[in-house]
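The file model.pdb comes next; it holds PDB, C-alpha atoms and all ligand atoms.
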ATOM      1  CA  MET A   1      -1.801  -8.191   4.881
ATOM      2  CA  ALA A   2      -1.784  -5.156   7.192
ATOM      3  CA  LEU A   3      -3.604  -2.049   6.060
ATOM      4  CA  ARG A   4      -1.467   0.317   4.026
ATOM      5  CA  SER A   5      -0.105   3.233   6.083
ATOM      6  CA  ALA A   6      -0.885   6.862   5.291
ATOM      7  CA  LEU A   7       2.701   7.306   4.110
ATOM      8  CA  MET A   8       2.463   4.348   1.754
ATOM      9  CA  ASN A   9      -0.832   5.690   0.410
ATOM     10  CA  VAL A  10       0.920   8.948  -0.458
ATOM     11  CA  MET A  11       3.799   7.152  -2.190
ATOM     12  CA  THR A  12       1.495   4.779  -4.063
ATOM     13  CA  ALA A  13      -0.769   7.566  -5.304
ATOM     14  CA  ALA A  14       2.220   9.600  -6.554
ATOM     15  CA  ALA A  15       3.716   6.577  -8.348
ATOM     16  CA  GLU A  16       0.393   5.670  -9.943
ATOM     17  CA  LYS A  17      -0.137   9.188 -11.209
ATOM     18  CA  ALA A  18       3.379   9.422 -12.708
ATOM     19  CA  ALA A  19       2.942   5.921 -14.157
ATOM     20  CA  ARG A  20      -0.107   6.961 -16.181
ATOM     21  CA  GLY A  21       2.010   9.525 -18.052
ATOM     22  CA  LEU A  22       4.923   7.123 -18.432
ATOM     23  CA  LYS A  23       2.700   4.436 -19.937
ATOM     24  CA  ARG A  24       1.431   6.889 -22.544
ATOM     25  CA  ASP A  25       4.971   8.069 -23.258
ATOM     26  CA  PHE A  26       6.268   4.519 -23.488
ATOM     27  CA  GLY A  27       3.642   3.761 -26.134
ATOM     28  CA  GLU A  28       4.913   6.757 -28.084
ATOM     29  CA  VAL A  29       8.551   5.648 -27.702
ATOM     30  CA  GLU A  30       7.708   2.261 -29.168
ATOM     31  CA  GLN A  31       6.520   4.100 -32.292
ATOM     32  CA  LEU A  32       9.608   6.316 -32.386
ATOM     33  CA  GLN A  33      12.117   3.430 -32.617
ATOM     34  CA  VAL A  34      12.156   3.500 -36.383
ATOM     35  CA  SER A  35      12.016   7.271 -36.819
ATOM     36  CA  ARG A  36      15.139   9.051 -38.122
ATOM     37  CA  LYS A  37      15.538  11.356 -35.153
ATOM     38  CA  GLY A  38      15.147   8.540 -32.608
ATOM     39  CA  PRO A  39      13.417   8.825 -29.276
ATOM     40  CA  SER A  40      16.135  10.313 -26.993
ATOM     41  CA  ASP A  41      14.843  13.873 -26.706
ATOM     42  CA  PHE A  42      11.355  12.573 -26.176
ATOM     43  CA  VAL A  43      12.562  10.259 -23.396
ATOM     44  CA  SER A  44      14.432  13.058 -21.591
ATOM     45  CA  ALA A  45      11.214  15.064 -21.659
ATOM     46  CA  ALA A  46       9.223  12.059 -20.366
ATOM     47  CA  ASP A  47      11.724  11.650 -17.532
ATOM     48  CA  LEU A  48      11.343  15.304 -16.513
ATOM     49  CA  ARG A  49       7.551  15.151 -16.769
ATOM     50  CA  ALA A  50       7.409  12.084 -14.516
ATOM     51  CA  GLU A  51       9.759  13.680 -11.997
ATOM     52  CA  LYS A  52       7.584  16.792 -11.905
ATOM     53  CA  VAL A  53       4.427  14.753 -11.270
ATOM     54  CA  LEU A  54       6.142  12.832  -8.463
ATOM     55  CA  MET A  55       7.433  16.016  -6.839
ATOM     56  CA  THR A  56       4.092  17.790  -7.121
ATOM     57  CA  GLU A  57       2.143  14.888  -5.625
ATOM     58  CA  LEU A  58       4.633  14.143  -2.837
ATOM     59  CA  SER A  59       4.928  17.838  -1.944
ATOM     60  CA  LYS A  60       1.154  18.244  -1.814
ATOM     61  CA  ALA A  61       0.975  15.510   0.829
ATOM     62  CA  ARG A  62       4.225  16.311   2.688
ATOM     63  CA  PRO A  63       5.006  19.989   1.942
ATOM     64  CA  LYS A  64       8.052  20.284   4.222
ATOM     65  CA  PHE A  65      10.124  17.376   2.915
ATOM     66  CA  GLY A  66      13.175  17.881   0.664
ATOM     67  CA  PHE A  67      14.214  15.918  -2.434
ATOM     68  CA  LEU A  68      17.206  14.192  -3.955
ATOM     69  CA  ASN A  69      16.341  13.415  -7.560
ATOM     70  CA  GLU A  70      18.068  11.940 -10.555
ATOM     71  CA  GLU A  71      17.047  14.849 -12.793
ATOM     72  CA  GLY A  72      16.697  17.833 -10.476
ATOM     73  CA  GLY A  73      19.446  17.087  -7.921
ATOM     74  CA  GLU A  74      19.037  18.126  -4.290
ATOM     75  CA  ILE A  75      16.226  20.415  -3.151
ATOM     76  CA  LYS A  76      16.290  21.305   0.519
ATOM     77  CA  GLY A  77      13.020  21.085   2.445
ATOM     78  CA  GLU A  78      11.808  23.113   5.386
ATOM     79  CA  ASP A  79      12.088  20.019   7.592
ATOM     80  CA  ASP A  80      15.597  18.803   6.840
ATOM     81  CA  ARG A  81      15.142  15.492   8.657
ATOM     82  CA  TYR A  82      13.059  14.166   5.769
ATOM     83  CA  ARG A  83      14.073  13.781   2.138
ATOM     84  CA  TRP A  84      12.500  11.938  -0.790
ATOM     85  CA  ILE A  85      15.000  10.148  -3.037
ATOM     86  CA  ILE A  86      13.392   9.535  -6.417
ATOM     87  CA  ASP A  87      14.192   8.108  -9.818
ATOM     88  CA  PRO A  88      11.320   8.842 -12.214
ATOM     89  CA  ILE A  89      12.520   6.306 -14.817
ATOM     90  CA  ASP A  90      15.030   3.782 -13.579
ATOM     91  CA  GLY A  91      16.032   1.742 -16.626
ATOM     92  CA  THR A  92      16.111   4.657 -19.045
ATOM     93  CA  THR A  93      17.984   2.670 -21.688
ATOM     94  CA  ASN A  94      15.258   0.025 -21.652
ATOM     95  CA  PHE A  95      12.566   2.712 -21.885
ATOM     96  CA  LEU A  96      14.399   4.371 -24.768
ATOM     97  CA  HIS A  97      14.588   1.092 -26.669
ATOM     98  CA  GLY A  98      10.977   0.138 -26.089
ATOM     99  CA  ILE A  99      11.887  -2.656 -23.641
ATOM    100  CA  PRO A 100       9.099  -2.857 -21.036
ATOM    101  CA  HIS A 101      11.346  -3.236 -17.996
ATOM    102  CA  PHE A 102      11.739   0.034 -16.116
ATOM    103  CA  ALA A 103      10.458   1.473 -12.863
ATOM    104  CA  ILE A 104       9.603   4.470 -10.766
ATOM    105  CA  SER A 105      11.601   4.337  -7.545
ATOM    106  CA  ILE A 106      10.678   6.398  -4.477
ATOM    107  CA  ALA A 107      12.443   6.253  -1.113
ATOM    108  CA  LEU A 108      11.932   8.320   2.000
ATOM    109  CA  GLU A 109      14.967   9.170   4.109
ATOM    110  CA  TYR A 110      14.577  10.236   7.745
ATOM    111  CA  GLU A 111      17.714  11.470   9.519
ATOM    112  CA  ASP A 112      20.016   9.744   7.022
ATOM    113  CA  GLU A 113      18.183   6.438   7.162
ATOM    114  CA  ILE A 114      15.826   5.019   4.532
ATOM    115  CA  VAL A 115      12.471   4.406   6.220
ATOM    116  CA  ALA A 116      10.185   3.659   3.256
ATOM    117  CA  GLY A 117      10.625   2.493  -0.326
ATOM    118  CA  LEU A 118       8.406   1.822  -3.304
ATOM    119  CA  ILE A 119       9.326   0.474  -6.740
ATOM    120  CA  TYR A 120       6.687   0.308  -9.474
ATOM    121  CA  ASN A 121       6.882  -1.137 -12.979
ATOM    122  CA  PRO A 122       3.978   0.589 -14.770
ATOM    123  CA  ILE A 123       3.944  -1.891 -17.651
ATOM    124  CA  THR A 124       3.593  -5.084 -15.614
ATOM    125  CA  ASP A 125       1.684  -3.203 -12.884
ATOM    126  CA  GLU A 126       3.960  -4.754 -10.253
ATOM    127  CA  MET A 127       4.438  -2.715  -7.103
ATOM    128  CA  PHE A 128       7.047  -3.595  -4.484
ATOM    129  CA  SER A 129       7.116  -1.615  -1.250
ATOM    130  CA  ALA A 130       8.384  -1.685   2.319
ATOM    131  CA  GLU A 131       8.559   0.368   5.471
ATOM    132  CA  LYS A 132      11.357   0.055   7.976
ATOM    133  CA  GLY A 133      10.509  -2.459  10.671
ATOM    134  CA  LYS A 134       7.170  -3.388   9.073
ATOM    135  CA  GLY A 135       8.208  -5.784   6.288
ATOM    136  CA  GLY A 136       7.333  -5.381   2.669
ATOM    137  CA  SER A 137       4.775  -6.304   0.070
ATOM    138  CA  PHE A 138       4.644  -7.172  -3.604
ATOM    139  CA  ASN A 139       1.187  -6.421  -4.971
ATOM    140  CA  SER A 140      -0.808  -8.147  -2.243
ATOM    141  CA  HIS A 141       1.834 -10.732  -1.194
ATOM    142  CA  ARG A 142       4.418 -10.476   1.534
ATOM    143  CA  LEU A 143       7.953  -9.806   0.290
ATOM    144  CA  ARG A 144      10.324 -12.646   1.117
ATOM    145  CA  VAL A 145      13.803 -13.368  -0.232
ATOM    146  CA  SER A 146      14.470 -16.819  -1.719
ATOM    147  CA  SER A 147      15.593 -19.664   0.508
ATOM    148  CA  ARG A 148      18.206 -21.108  -1.888
ATOM    149  CA  GLY A 149      21.461 -21.865  -0.139
ATOM    150  CA  ASP A 150      23.513 -23.225  -3.002
ATOM    151  CA  LEU A 151      25.014 -20.914  -5.583
ATOM    152  CA  ARG A 152      24.792 -23.707  -8.159
ATOM    153  CA  ASP A 153      20.978 -23.370  -8.168
ATOM    154  CA  SER A 154      20.946 -19.599  -7.996
ATOM    155  CA  VAL A 155      20.057 -16.883 -10.458
ATOM    156  CA  ILE A 156      22.168 -13.779  -9.910
ATOM    157  CA  ALA A 157      21.437 -10.345 -11.351
ATOM    158  CA  THR A 158      24.138  -7.784 -12.067
ATOM    159  CA  GLY A 159      24.812  -4.532 -13.884
ATOM    160  CA  ILE A 160      27.422  -4.653 -16.644
ATOM    161  CA  PRO A 161      29.380  -1.426 -17.008
ATOM    162  CA  HIS A 162      28.962   0.069 -20.483
ATOM    163  CA  ARG A 163      30.697   2.716 -22.566
ATOM    164  CA  GLY A 164      32.096   5.440 -20.334
ATOM    165  CA  ARG A 165      31.219   3.578 -17.124
ATOM    166  CA  GLY A 166      33.497   1.591 -14.846
ATOM    167  CA  HIS A 167      36.539  -0.618 -15.238
ATOM    168  CA  HIS A 168      35.599  -3.237 -17.800
ATOM    169  CA  GLY A 169      38.626  -5.549 -17.372
ATOM    170  CA  PRO A 170      38.241  -6.222 -13.621
ATOM    171  CA  TYR A 171      34.463  -6.544 -14.047
ATOM    172  CA  LEU A 172      34.929  -9.271 -16.671
ATOM    173  CA  LYS A 173      37.223 -11.217 -14.347
ATOM    174  CA  THR A 174      34.648 -11.011 -11.552
ATOM    175  CA  LEU A 175      31.848 -12.028 -13.892
ATOM    176  CA  GLY A 176      33.931 -15.003 -15.051
ATOM    177  CA  ARG A 177      34.213 -16.289 -11.491
ATOM    178  CA  VAL A 178      30.482 -15.903 -10.830
ATOM    179  CA  MET A 179      29.424 -17.435 -14.188
ATOM    180  CA  GLU A 180      31.259 -20.655 -13.425
ATOM    181  CA  ASN A 181      29.424 -21.150 -10.154
ATOM    182  CA  VAL A 182      25.763 -20.224 -10.662
ATOM    183  CA  ALA A 183      22.695 -21.447 -12.544
ATOM    184  CA  GLY A 184      22.234 -18.183 -14.428
ATOM    185  CA  ILE A 185      23.189 -14.524 -14.655
ATOM    186  CA  ARG A 186      20.724 -11.756 -15.589
ATOM    187  CA  ARG A 187      21.488  -8.201 -16.770
ATOM    188  CA  MET A 188      18.036  -6.698 -16.912
ATOM    189  CA  GLY A 189      18.993  -3.025 -16.918
ATOM    190  CA  THR A 190      17.034  -1.592 -13.988
ATOM    191  CA  ALA A 191      18.858  -1.587 -10.660
ATOM    192  CA  SER A 192      15.742  -0.859  -8.596
ATOM    193  CA  LEU A 193      13.920  -3.847 -10.115
ATOM    194  CA  ASP A 194      16.996  -6.066  -9.653
ATOM    195  CA  LEU A 195      16.753  -5.316  -5.939
ATOM    196  CA  ALA A 196      12.969  -5.728  -5.923
ATOM    197  CA  TYR A 197      13.401  -9.135  -7.608
ATOM    198  CA  VAL A 198      15.843 -10.213  -4.877
ATOM    199  CA  ALA A 199      13.340  -9.011  -2.268
ATOM    200  CA  ALA A 200      10.580 -11.015  -3.976
ATOM    201  CA  GLY A 201      12.702 -14.176  -4.264
ATOM    202  CA  ARG A 202      12.782 -14.107  -8.080
ATOM    203  CA  CYS A 203      16.546 -13.617  -8.120
ATOM    204  CA  ASP A 204      18.761 -15.057  -5.415
ATOM    205  CA  GLY A 205      21.336 -12.298  -5.505
ATOM    206  CA  TYR A 206      22.444  -9.096  -7.214
ATOM    207  CA  TRP A 207      25.604  -7.060  -7.319
ATOM    208  CA  GLU A 208      26.598  -3.841  -9.031
ATOM    209  CA  THR A 209      28.897  -0.887  -8.397
ATOM    210  CA  GLY A 210      28.944   2.706  -9.614
ATOM    211  CA  LEU A 211      25.282   3.318  -8.753
ATOM    212  CA  SER A 212      23.594   6.439  -7.375
ATOM    213  CA  PRO A 213      21.357   6.770  -4.289
ATOM    214  CA  TRP A 214      18.159   7.048  -6.391
ATOM    215  CA  ASP A 215      18.941   3.711  -8.124
ATOM    216  CA  VAL A 216      19.134   1.753  -4.876
ATOM    217  CA  ALA A 217      17.658   3.614  -1.880
ATOM    218  CA  ALA A 218      14.207   2.002  -2.093
ATOM    219  CA  GLY A 219      15.494  -1.428  -3.174
ATOM    220  CA  VAL A 220      17.996  -1.803  -0.357
ATOM    221  CA  LEU A 221      15.221  -1.306   2.204
ATOM    222  CA  LEU A 222      12.997  -3.797   0.360
ATOM    223  CA  VAL A 223      15.681  -6.497   0.462
ATOM    224  CA  ARG A 224      16.356  -5.951   4.160
ATOM    225  CA  GLU A 225      12.659  -5.930   5.045
ATOM    226  CA  ALA A 226      12.228  -9.140   3.031
ATOM    227  CA  GLY A 227      14.744 -10.869   5.277
ATOM    228  CA  GLY A 228      17.768 -10.474   2.991
ATOM    229  CA  PHE A 229      21.178  -8.839   3.306
ATOM    230  CA  ALA A 230      22.063  -5.670   1.426
ATOM    231  CA  THR A 231      25.604  -4.372   1.896
ATOM    232  CA  GLU A 232      28.389  -2.849  -0.144
ATOM    233  CA  VAL A 233      30.195  -5.466  -2.247
ATOM    234  CA  ALA A 234      33.102  -5.357   0.220
ATOM    235  CA  GLY A 235      30.669  -5.766   3.126
ATOM    236  CA  GLY A 236      30.343  -2.143   4.326
ATOM    237  CA  LYS A 237      26.955  -1.076   5.635
ATOM    238  CA  ASP A 238      26.313   1.811   3.269
ATOM    239  CA  PRO A 239      25.237   0.581  -0.181
ATOM    240  CA  VAL A 240      22.936   3.565  -0.763
ATOM    241  CA  TYR A 241      25.537   6.332  -0.666
ATOM    242  CA  THR A 242      28.558   4.383  -1.929
ATOM    243  CA  GLY A 243      26.659   2.938  -4.900
ATOM    244  CA  SER A 244      28.292  -0.453  -4.338
ATOM    245  CA  VAL A 245      25.637  -3.101  -3.739
ATOM    246  CA  LEU A 246      25.562  -6.780  -2.885
ATOM    247  CA  ALA A 247      22.064  -8.051  -2.107
ATOM    248  CA  THR A 248      21.185 -11.680  -1.432
ATOM    249  CA  ASN A 249      19.359 -13.931   0.956
ATOM    250  CA  ALA A 250      21.192 -14.634   4.217
ATOM    251  CA  LYS A 251      22.688 -17.940   3.042
ATOM    252  CA  LEU A 252      24.258 -16.738  -0.180
ATOM    253  CA  HIS A 253      25.808 -13.495   0.993
ATOM    254  CA  LYS A 254      29.165 -14.902   2.056
ATOM    255  CA  PRO A 255      29.638 -17.392  -0.805
ATOM    256  CA  LEU A 256      28.762 -14.791  -3.433
ATOM    257  CA  GLN A 257      30.969 -12.193  -1.777
ATOM    258  CA  GLU A 258      33.876 -14.650  -1.836
ATOM    259  CA  LEU A 259      33.507 -14.933  -5.610
ATOM    260  CA  LEU A 260      33.294 -11.153  -6.021
ATOM    261  CA  ILE A 261      36.313 -10.471  -3.793
ATOM    262  CA  PRO A 262      38.473 -13.586  -3.684
ATOM    263  CA  SER A 263      40.884 -13.700  -0.729
TER     264      SER A 263
HETATM  265  C1  LIG B 301      20.572   2.761 -14.499
HETATM  266  C2  LIG B 301      19.912   1.412 -14.306
HETATM  267  C3  LIG B 301      20.853   0.287 -14.672
HETATM  268  C4  LIG B 301      22.186   0.381 -13.941
HETATM  269  C5  LIG B 301      22.773   1.755 -14.166
HETATM  270  C6  LIG B 301      21.815   2.842 -13.688
HETATM  271  P1  LIG B 301      19.028   4.831 -15.215
HETATM  272  O1  LIG B 301      19.713   3.818 -14.104
HETATM  273  O2  LIG B 301      19.464   1.236 -12.989
HETATM  274  O3  LIG B 301      20.330  -0.986 -14.375
HETATM  275  O4  LIG B 301      23.043  -0.599 -14.434
HETATM  276  O5  LIG B 301      23.992   1.863 -13.541
HETATM  277  O6  LIG B 301      22.394   4.111 -13.848
HETATM  278  O7  LIG B 301      20.156   5.619 -15.786
HETATM  279  O8  LIG B 301      18.381   3.962 -16.197
HETATM  280  O9  LIG B 301      18.082   5.631 -14.391
HETATM  281 CA    CA B 302      18.465   4.979 -12.250
END
Go through the file and emit its structure as structure tokens.
Amino acid sequence: MALRSALMNVMTAAAEKAARGLKRDFGEVEQLQVSRKGPSDFVSAADLRAEKVLMTELSKARPKFGFLNEEGGEIKGEDDRYRWIIDPIDGTTNFLHGIPHFAISIALEYEDEIVAGLIYNPITDEMFSAEKGKGGSFNSHRLRVSSRGDLRDSVIATGIPHRGRGHHGPYLKTLGRVMENVAGIRRMGTASLDLAYVAAGRCDGYWETGLSPWDVAAGVLLVREAGGFATEVAGGKDPVYTGSVLATNAKLHKPLQELLIPS
């Protein structure tokens, strides 16, 4: 494995620092499940705390870069070519319910292109990262998408729209078509990790719509650097800013897309 770049060192250190707080807070949330008030206020505070740690650490190392954050929105930097896109807790519903499947997601955008991405699950201590043109890594292994070419053997991740989100009827029809043709469907509740799992070959594909840049910016780069395809569901080249994502290995992209958008 190549030595980690200075940029990746900065991103890793920021994620690890924010993760220490999140792990403590997650332990607390597990206790709060049965309390009368419930953990939601506590989780919002944890989210903000983690975002603050990430911003402080990233700004210390790269003071001129701007931010696009889930909590704080857009903050312009002195050097407007560079912008961090961060989600301090992707998978908030899991976190809130004490389900240990959530992640910190950090991407770096340079002139409208994502050039680095890091996704870290503090509970499993799994870190997935990539830099544009340099490939990616998962802990100390190289990131590589799966080689499955038959949908019948494939495990496909997705995001199911919930209350107040998306058009449930059309989604169910799409899901019905995919269900009939694959080995398994997973709805794990953390878009960044869904993409990281495709990049690591754990899942063979993933689709979801209605996402935000901070959910997918890092993951899309990871999939591409792992040799996979990441597009909009309809095939467009801009999954990050449209929030419509179809990520697979090269062999499954067309067959899965045909199920999602039948001709
Ligand atoms: C959500 C998760 C989830 C996806 C949602 C996202 P959040 O992000 O990534 O998997 O289905 O659409 O909004 O709200 O937990 O940061
Ligand atoms: Ca998110």
- [ ] Starting from the displayed file, determine the output of the PyMOL selection byres (((chain A and resi 58) around 12) and not hetatm) and express the residue list as a ChimeraX atom specification.
- [x] /A:7-18,51-57,59-67,83-86,106-108
Task: Picked residues, the PyMOL selection byres (((chain A and resi 191) around 12) and not hetatm), expected as a VMD selection string - done: chain A and resid 87 89 to 94 101 to 105 119 157 to 160 186 to 190 192 to 198 206 to 220 240 243 to 247
Restrict the selected residues to C-alpha atoms and save them as a PDB file, keeping the file's coordinate frame.
ATOM      1  CA  ASP A  87      14.192   8.108  -9.818  1.00  0.00           C
ATOM      2  CA  ILE A  89      12.520   6.306 -14.817  1.00  0.00           C
ATOM      3  CA  ASP A  90      15.030   3.782 -13.579  1.00  0.00           C
ATOM      4  CA  GLY A  91      16.032   1.742 -16.626  1.00  0.00           C
ATOM      5  CA  THR A  92      16.111   4.657 -19.045  1.00  0.00           C
ATOM      6  CA  THR A  93      17.984   2.670 -21.688  1.00  0.00           C
ATOM      7  CA  ASN A  94      15.258   0.025 -21.652  1.00  0.00           C
ATOM      8  CA  HIS A 101      11.346  -3.236 -17.996  1.00  0.00           C
ATOM      9  CA  PHE A 102      11.739   0.034 -16.116  1.00  0.00           C
ATOM     10  CA  ALA A 103      10.458   1.473 -12.863  1.00  0.00           C
ATOM     11  CA  ILE A 104       9.603   4.470 -10.766  1.00  0.00           C
ATOM     12  CA  SER A 105      11.601   4.337  -7.545  1.00  0.00           C
ATOM     13  CA  ILE A 119       9.326   0.474  -6.740  1.00  0.00           C
ATOM     14  CA  ALA A 157      21.437 -10.345 -11.351  1.00  0.00           C
ATOM     15  CA  THR A 158      24.138  -7.784 -12.067  1.00  0.00           C
ATOM     16  CA  GLY A 159      24.812  -4.532 -13.884  1.00  0.00           C
ATOM     17  CA  ILE A 160      27.422  -4.653 -16.644  1.00  0.00           C
ATOM     18  CA  ARG A 186      20.724 -11.756 -15.589  1.00  0.00           C
ATOM     19  CA  ARG A 187      21.488  -8.201 -16.770  1.00  0.00           C
ATOM     20  CA  MET A 188      18.036  -6.698 -16.912  1.00  0.00           C
ATOM     21  CA  GLY A 189      18.993  -3.025 -16.918  1.00  0.00           C
ATOM     22  CA  THR A 190      17.034  -1.592 -13.988  1.00  0.00           C
ATOM     23  CA  SER A 192      15.742  -0.859  -8.596  1.00  0.00           C
ATOM     24  CA  LEU A 193      13.920  -3.847 -10.115  1.00  0.00           C
ATOM     25  CA  ASP A 194      16.996  -6.066  -9.653  1.00  0.00           C
ATOM     26  CA  LEU A 195      16.753  -5.316  -5.939  1.00  0.00           C
ATOM     27  CA  ALA A 196      12.969  -5.728  -5.923  1.00  0.00           C
ATOM     28  CA  TYR A 197      13.401  -9.135  -7.608  1.00  0.00           C
ATOM     29  CA  VAL A 198      15.843 -10.213  -4.877  1.00  0.00           C
ATOM     30  CA  TYR A 206      22.444  -9.096  -7.214  1.00  0.00           C
ATOM     31  CA  TRP A 207      25.604  -7.060  -7.319  1.00  0.00           C
ATOM     32  CA  GLU A 208      26.598  -3.841  -9.031  1.00  0.00           C
ATOM     33  CA  THR A 209      28.897  -0.887  -8.397  1.00  0.00           C
ATOM     34  CA  GLY A 210      28.944   2.706  -9.614  1.00  0.00           C
ATOM     35  CA  LEU A 211      25.282   3.318  -8.753  1.00  0.00           C
ATOM     36  CA  SER A 212      23.594   6.439  -7.375  1.00  0.00           C
ATOM     37  CA  PRO A 213      21.357   6.770  -4.289  1.00  0.00           C
ATOM     38  CA  TRP A 214      18.159   7.048  -6.391  1.00  0.00           C
ATOM     39  CA  ASP A 215      18.941   3.711  -8.124  1.00  0.00           C
ATOM     40  CA  VAL A 216      19.134   1.753  -4.876  1.00  0.00           C
ATOM     41  CA  ALA A 217      17.658   3.614  -1.880  1.00  0.00           C
ATOM     42  CA  ALA A 218      14.207   2.002  -2.093  1.00  0.00           C
ATOM     43  CA  GLY A 219      15.494  -1.428  -3.174  1.00  0.00           C
ATOM     44  CA  VAL A 220      17.996  -1.803  -0.357  1.00  0.00           C
ATOM     45  CA  VAL A 240      22.936   3.565  -0.763  1.00  0.00           C
ATOM     46  CA  GLY A 243      26.659   2.938  -4.900  1.00  0.00           C
ATOM     47  CA  SER A 244      28.292  -0.453  -4.338  1.00  0.00           C
ATOM     48  CA  VAL A 245      25.637  -3.101  -3.739  1.00  0.00           C
ATOM     49  CA  LEU A 246      25.562  -6.780  -2.885  1.00  0.00           C
ATOM     50  CA  ALA A 247      22.064  -8.051  -2.107  1.00  0.00           C
TER      51      ALA A 247
END
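Note on the selection: in this file the PyMOL selection byres (((chain A and resi 129) around 6) and not hetatm) comes out as Gly117, Leu118, Phe128, Ala130, Gly136 and Ser137 of chain A.
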Task: Pick from A:Arg81, A:Lys132, A:Asp112, A:Pro161, whichever lies nearest to ligand LIG 301 (chain B) using all atoms listed in the file - done: A:Pro161
Return as JSON the box centre and box size in Å, one decimal, for an axis-aligned box around all listed atoms of segment 6-16 of chain A padded by 3 Å per side.
{"center_x": 1.5, "center_y": 7.0, "center_z": -2.3, "size_x": 10.7, "size_y": 11.3, "size_z": 21.2}
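Atom pair atom CA of Glu28 of chain A / atom CA of Phe138 of chain A: separated by 28.2 Å.
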- [ ] For segment 179-184 of chain A, please output as a PyMOL selection string all residues within 10 Å (counting only C-alpha atoms; exclusion window: fewer than 3 positions along the same chain).
- [x] chain A and resi 150-157+173-176+203+256+259
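You can rank A:Leu143, A:Gly135, A:Gly164, A:Leu32 by their closest distance to ligand LIG 301 (chain B) using all atoms listed in the file, and at the top of that list sits A:Gly164.
Among A:Tyr110, A:Phe95, A:Tyr241, A:Phe42, the residue with the shortest atom-to-atom distance to ligand LIG 301 (chain B), counting all atoms listed in the file, is A:Phe95.
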